[in-house]
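S.K.: Take this structure first; my questions come after.
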Amino acid sequence: MKFKIYRYNPEQDAKPYVQSYELENVDPGAMLLTALLRIKDEQDETLSFRRSCGEGVCGSDGMNINGVNGLACITSVASLKQPIQIKPLPGLPVIRDLIIDMDQFYKQYRAVKPYLIVNDPMPEVELSQTPEQRENLDGLYECVLCACCSTSCPSFWWNPDKFLGPAALLQASRFIEDSRDQAVEKRLEDLEGPFKLFRCHTIMNCVNVCPKGLNPTKAIGRIKHKMVTRSL
Amino acid sequence: MSSIERKPIERRQFDTLIIGAGGGGLRASLQLAEADLSVAVVSKVFPTRSHTVAAQGGMNAALANVLDDNWHWHMFDTVKGGDYLGDQDAIEYMCRAAPKAVYELEHFGVPFSRLDNGKIYQRAFGGQSQNFGGAQAARTCAAADRTGHAILHSLYQQNIRAKTHFFDEYFAVDLLKDDSGHVLGAVVFNIQDGQIVVIEAKTTLLATGGAGQLFKTTTNALINTGDGMGMAMRAGIPLQDMEFFQFHPTGIAGRGMLITEGARGEGGYLVNGDGERLMERYAPKAKDLASRDVVSRAIYIEVKEGRGCGPKKDHVLLKLDHLGEEVIQKRLPGIRQTCITFLGIDPAESPIPVYPTAHYTMGGIPTNRFGQVVIPVKDTPEEPVQGLYAAGECACVSVHGGNRLGGNSLLDILVFGRAAAKHIIDYLKENKYHKALDEEIINRVVDKVKRFDQQGETSSTGAETVVDLRNELKQAMEDHCGVFRDKDILKQGVEKVEQLIKRMKNVKIEDQSFTFNTAKVEAFELDNLMAVALATIHSAHAREESRGAHSRVDFPERDDKSWMRHSLYSFENGLDYKPVRTKPISVESFPPKPRVY
């Protein structure tokens, strides 16, 4: 099985280059992460990438695989055309090889105040929530912060400091839709303006790449709808 | 070879240093940040990548939202589940604190699944009973089958609100300990650029998680390398009860991905190659919801005796299709997706091939119920190490004894993360100032950070690689320290691990870059795994009885007279033992009884 992998170590390389690797006897059911670990273990310990859980829940190993962002640990090699071309997620600075600097992404996440805000005194038991109210959060709370969506979004590439990007907006929606949250008005107000939310042009790259099958575009639509209802 | 120098050493000071940003570390940091203390959280991965994120089924608390329940029944189940090796004061504390811990999480925003009356959804899990061994209880609070993800993200979010100071992608190498035995912080390095940072702290909390990477097939993430346990051992602190390692009954056969016990809690069951519900023979009452050690042994025996499934008869099947697609999608969406991704099987239609898989480190750094690390000093079995705390899977408090109940690990990290933080807050009231830290101590530890640096010179003894040693270690532990053990197999295991530790001294890293050097990180991790493996295999070899997850074919019975005691293993003193704390805080002790399900 053939691979072409983006390489860059700022200590040694004036500019990035592509390195070819070849693996024998790859199990057709294997995931891409398994193949990358084999390359690192058997051929080249300098090849660098993040990884942890290996089953798509920690969000560490987002990368650009044959032109599409995804998690290496849940991308089957059998589904990929060879040579498999692997690059870091686009649009953010590269630290080394497939490892990007995610500071900007995390900053946008923090900007939406991604935590439940309740002003009333807390009861001694749980806050009540019906199963239907809880179902509103399905498709919103499962995000693993892998950044596959935001780094596939042209609006994020152009205005990474002003447009919050699909991942952060999905989080915003997760709290706006939570029946327990008491800062919804403020959250909606904070998203006003031409950039933070409204730079989304429904290109829908985010939906196509989300490894968890989430739909940030729909979440953004739900926020817009709430804003419109509120202004009436 | 790179000509770039390492950046000069940086020095930082905090009231508290927390190493590890899973649920235990983040619960503690939140408590401390809200108490206006300066707290640094060092984690080798971004916090939400920590392994708490992978917990599926839920967290136990006697809320009685579904069936009648109380904390005392929970306590009994935990004592019995741990095969009477757990410390009953800590277990009482945990079970009493459980409901509050869950409500707190809910207030932090955790999106728990809900019942029609608006309360938190609870499901049945293994080893749970009402009325001290009576009917099945439903004690596990769940957010579908993504409870760990929901909890870890909410805790991280609350820490964003509290403005906790994070050192993301920093690797902690070793503790700073002075000659009087006080722990004064740790030396860490920034994985991004290799810079060494000396973090001075009045108190240090280890919350580094388990060591599931000891074994070849494991449900654990690649980061679970027992780093805090290795650090503790190198600081002269013994590890407790390391022979008790949990094999989860339902890892995906041959691959290891976890299928939550909640799958059986929702009504799934195991069948063997004859199509028989095998657990009816091993646990007539609790059946598929017996304790994990019991179910894992049952599967192992079925396969060993030729009643496995598949062409090689090397696994059994977990049947869920009778639950219906709606229940599976609502309650078990995560494992459904995992099966589709990794097996091409939809559990709503076909059963899942499963086999016992390394899952959880019951043992760890010995602590009391306040999270203080305790070691034997002369005649005192449990003398606190000043300034050092541990919580969660890296610690052994011991609430899990010889076998942890499903749903008690999330509970453990939250209750004892908080307990440790509370004790730290009190400790800091009495200990307001940083203790003087000798340059010599710093230099000693900084040298250790540089031990895989090889500026051009090659050792004449030849080079070992991290990959080879790691593979051999994992294979050795799998072969010699598995579900069933005996003297000869363990003895060979001890020899193999000792050999590997010797060879570890000759490890050479080709990659000498300072920029995100994952090869070097893996070398430090392997060093920690080696220490943990040594403690594990020695403790297992010495314990001549069967208790909880430690099953000796040559000593098949539990022996309370000789062995109702905790093992301790240290580099300096080898094996030592201390008594179980059988006295609870306020209730009668549960005396050991035969353990049947």
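Each chain in the structure tokens gets a letter, A, B, ..., in the order shown, and its residues are numbered from 1; ligands are numbered from 1 in order too.
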Define the interface residues of chain A facing chain B as those within 7 Å, counting only C-alpha atoms, and report them as a PyMOL selection string.
M.R.: chain A and resi 11-12+41+45-46+48+52-54+57-60+74+96+114-116+125-126+128-131+134
S.K.: Got a sec to tell me which of range 29-206 of chain A DSSP assigns to helix (DSSP H, G or I), as a PyMOL selection string?
M.R.: chain A and resi 32-42+72-74+77-79+103-111+131-135+150-152+154-158+165-176+184-190+205-206
S.K.: Would you pick out the contacts of Ile176 in chain A at 9 Å or less, using only C-alpha atoms, so that residues sharing its chain but fewer than 3 positions from it are not included, and give the list as a list in words?
M.R.: Gln171, Ala172, Ser173, Ser179, Asp181, Gln182, Ala183, Val184, Glu185, Arg187, Leu188, Ile223 and Lys226 of chain A
S.K.: Excluding Asp68 in chain B and its own-chain neighbours fewer than 3 positions away, which residues fall within 8 Å of it when counting only C-alpha atoms? Please give them as a list of chain:residue names.
M.R.: B:Ala64, B:Asn65, B:Gln130, B:Ala137
S.K.: For C-alpha atoms, I'd like the residues from the last selection saved as a PDB file, in the first residue's frame.
M.R.:
ATOM      1  CA  ALA B  64     -33.384   6.001  43.104  1.00  0.00           C
ATOM      2  CA  ASN B  65     -34.795   7.663  39.978  1.00  0.00           C
ATOM      3  CA  GLN B 130     -31.141  -3.675  46.083  1.00  0.00           C
ATOM      4  CA  ALA B 137     -30.753  -2.245  40.989  1.00  0.00           C
TER       5      ALA B 137
END
S.K.: Counting only C-alpha atoms, which of A:Gln108, A:Asn64, A:Thr217, A:Ser20 gets nearest to Gln43 in chain A?
M.R.: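 Looking at the shortest contact to Gln43 in chain A, the residue is A:Ser20.
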S.K.: Check the DSSP output for the backbone and give back, as an NGL selection string, the residues of range 333-554 of chain B in strand (DSSP E).
M.R.: :B and (352-361 or 365-366 or 372-377 or 380-390 or 395-396 or 484-485 or 551-552)
S.K.: Using the selection just defined, write its residues with N, CA and C atoms as a CSV table (one decimal), in the first residue's frame.
M.R.:
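Once everything was written out, this is selection.csv:
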chain,number,residue,atom,x,y,z
B,352,ILE,N,-22.5,-9.1,18.3
B,352,ILE,CA,-21.1,-8.6,18.2
B,352,ILE,C,-20.2,-9.6,18.8
B,353,PRO,N,-19.1,-9.9,18.0
B,353,PRO,CA,-18.0,-10.8,18.6
B,353,PRO,C,-17.2,-10.1,19.7
B,354,VAL,N,-17.2,-10.8,20.9
B,354,VAL,CA,-16.5,-10.1,22.0
B,354,VAL,C,-15.6,-11.1,22.7
B,355,TYR,N,-14.6,-10.6,23.4
B,355,TYR,CA,-13.7,-11.4,24.2
B,355,TYR,C,-13.1,-10.5,25.3
B,356,PRO,N,-12.7,-11.1,26.5
B,356,PRO,CA,-12.2,-10.2,27.6
B,356,PRO,C,-10.9,-9.4,27.1
B,357,THR,N,-10.9,-8.2,27.5
B,357,THR,CA,-9.9,-7.3,27.0
B,357,THR,C,-9.4,-6.4,28.2
B,358,ALA,N,-8.1,-6.2,28.2
B,358,ALA,CA,-7.5,-5.4,29.3
B,358,ALA,C,-8.2,-4.0,29.4
B,359,HIS,N,-8.6,-3.6,30.6
B,359,HIS,CA,-9.5,-2.4,30.6
B,359,HIS,C,-9.1,-1.4,31.8
B,360,TYR,N,-8.8,-1.9,33.0
B,360,TYR,CA,-8.8,-1.0,34.1
B,360,TYR,C,-7.8,-1.4,35.2
B,361,THR,N,-7.0,-0.4,35.7
B,361,THR,CA,-6.0,-0.6,36.7
B,361,THR,C,-6.6,-0.4,38.1
B,365,ILE,N,-1.3,4.3,43.0
B,365,ILE,CA,-0.6,5.0,44.1
B,365,ILE,C,-1.5,5.0,45.3
B,366,PRO,N,-0.9,4.5,46.4
B,366,PRO,CA,-1.8,4.4,47.6
B,366,PRO,C,-2.2,5.8,48.2
B,372,GLN,N,-4.7,12.1,49.9
B,372,GLN,CA,-3.2,12.2,50.3
B,372,GLN,C,-2.6,10.9,49.9
B,373,VAL,N,-1.4,11.0,49.3
B,373,VAL,CA,-0.6,9.8,49.1
B,373,VAL,C,0.0,9.3,50.4
B,374,VAL,N,-0.2,8.0,50.7
B,374,VAL,CA,0.3,7.5,52.0
B,374,VAL,C,1.3,6.3,51.7
B,375,ILE,N,2.3,6.3,52.6
B,375,ILE,CA,3.3,5.2,52.4
B,375,ILE,C,3.6,4.6,53.8
B,376,PRO,N,4.1,3.4,53.9
B,376,PRO,CA,4.4,2.9,55.2
B,376,PRO,C,5.7,3.6,55.7
B,377,VAL,N,5.7,4.0,57.0
B,377,VAL,CA,6.9,4.6,57.6
B,377,VAL,C,7.0,3.8,58.9
B,380,THR,N,3.9,2.6,61.0
B,380,THR,CA,2.7,3.2,60.5
B,380,THR,C,2.5,2.8,59.1
B,381,PRO,N,1.4,2.1,58.8
B,381,PRO,CA,1.3,1.6,57.4
B,381,PRO,C,0.9,2.8,56.4
B,382,GLU,N,0.3,3.8,56.9
B,382,GLU,CA,-0.2,4.9,56.0
B,382,GLU,C,0.2,6.3,56.5
B,383,GLU,N,1.4,6.7,56.2
B,383,GLU,CA,1.8,8.0,56.6
B,383,GLU,C,1.8,8.9,55.4
B,384,PRO,N,1.1,10.1,55.5
B,384,PRO,CA,1.0,10.9,54.3
B,384,PRO,C,2.3,11.5,53.8
B,385,VAL,N,2.5,11.5,52.5
B,385,VAL,CA,3.6,12.1,51.9
B,385,VAL,C,3.3,13.6,51.8
B,386,GLN,N,4.0,14.5,52.4
B,386,GLN,CA,3.6,15.9,52.5
B,386,GLN,C,3.7,16.5,51.1
B,387,GLY,N,2.5,17.1,50.7
B,387,GLY,CA,2.4,17.9,49.5
B,387,GLY,C,2.0,17.0,48.3
B,388,LEU,N,1.8,15.7,48.5
B,388,LEU,CA,1.5,14.9,47.3
B,388,LEU,C,0.1,14.2,47.4
B,389,TYR,N,-0.6,14.3,46.4
B,389,TYR,CA,-2.0,13.8,46.3
B,389,TYR,C,-2.1,13.0,45.0
B,390,ALA,N,-3.1,12.0,45.0
B,390,ALA,CA,-3.4,11.3,43.8
B,390,ALA,C,-4.9,11.0,43.8
B,395,ALA,N,-4.6,6.3,41.2
B,395,ALA,CA,-4.6,6.1,42.6
B,395,ALA,C,-5.2,4.8,43.0
B,396,CYS,N,-4.9,4.4,44.3
B,396,CYS,CA,-5.6,3.2,44.8
B,396,CYS,C,-6.0,3.6,46.2
B,484,PHE,N,-6.3,-15.7,33.6
B,484,PHE,CA,-5.9,-16.8,34.6
B,484,PHE,C,-4.4,-16.9,34.7
B,485,ARG,N,-3.9,-17.1,35.9
B,485,ARG,CA,-2.5,-17.1,36.1
B,485,ARG,C,-2.0,-18.3,36.9
B,551,SER,N,-6.9,-14.3,39.3
B,551,SER,CA,-7.3,-15.7,39.4
B,551,SER,C,-6.1,-16.6,39.2
B,552,ARG,N,-5.8,-17.3,40.2
B,552,ARG,CA,-4.7,-18.2,40.2
B,552,ARG,C,-5.2,-19.7,40.0
S.K.: Give me, as number ranges by chain, all polymer residues having an atom no more than 8 Å from range 422-427 of chain B, counting only C-alpha atoms and skipping those fewer than 2 positions away in the same chain.
M.R.: B: 31-32, 35, 203, 370-371, 418-420, 429-431
S.K.: Mind giving me the straight-line distance from CA of Leu17 in chain B to CA of Ser43 in chain B in Å, one decimal?
M.R.: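 Computing the Euclidean distance for CA of Leu17 in chain B and CA of Ser43 in chain B yields 10.8 Å.
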S.K.: In Å, rounded to a single decimal, give me how far CA of Tyr597 in chain B is from CA of Ala286 in chain B.
M.R.: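 Computing the Euclidean distance for CA of Ala286 in chain B and CA of Tyr597 in chain B yields 5.4 Å.
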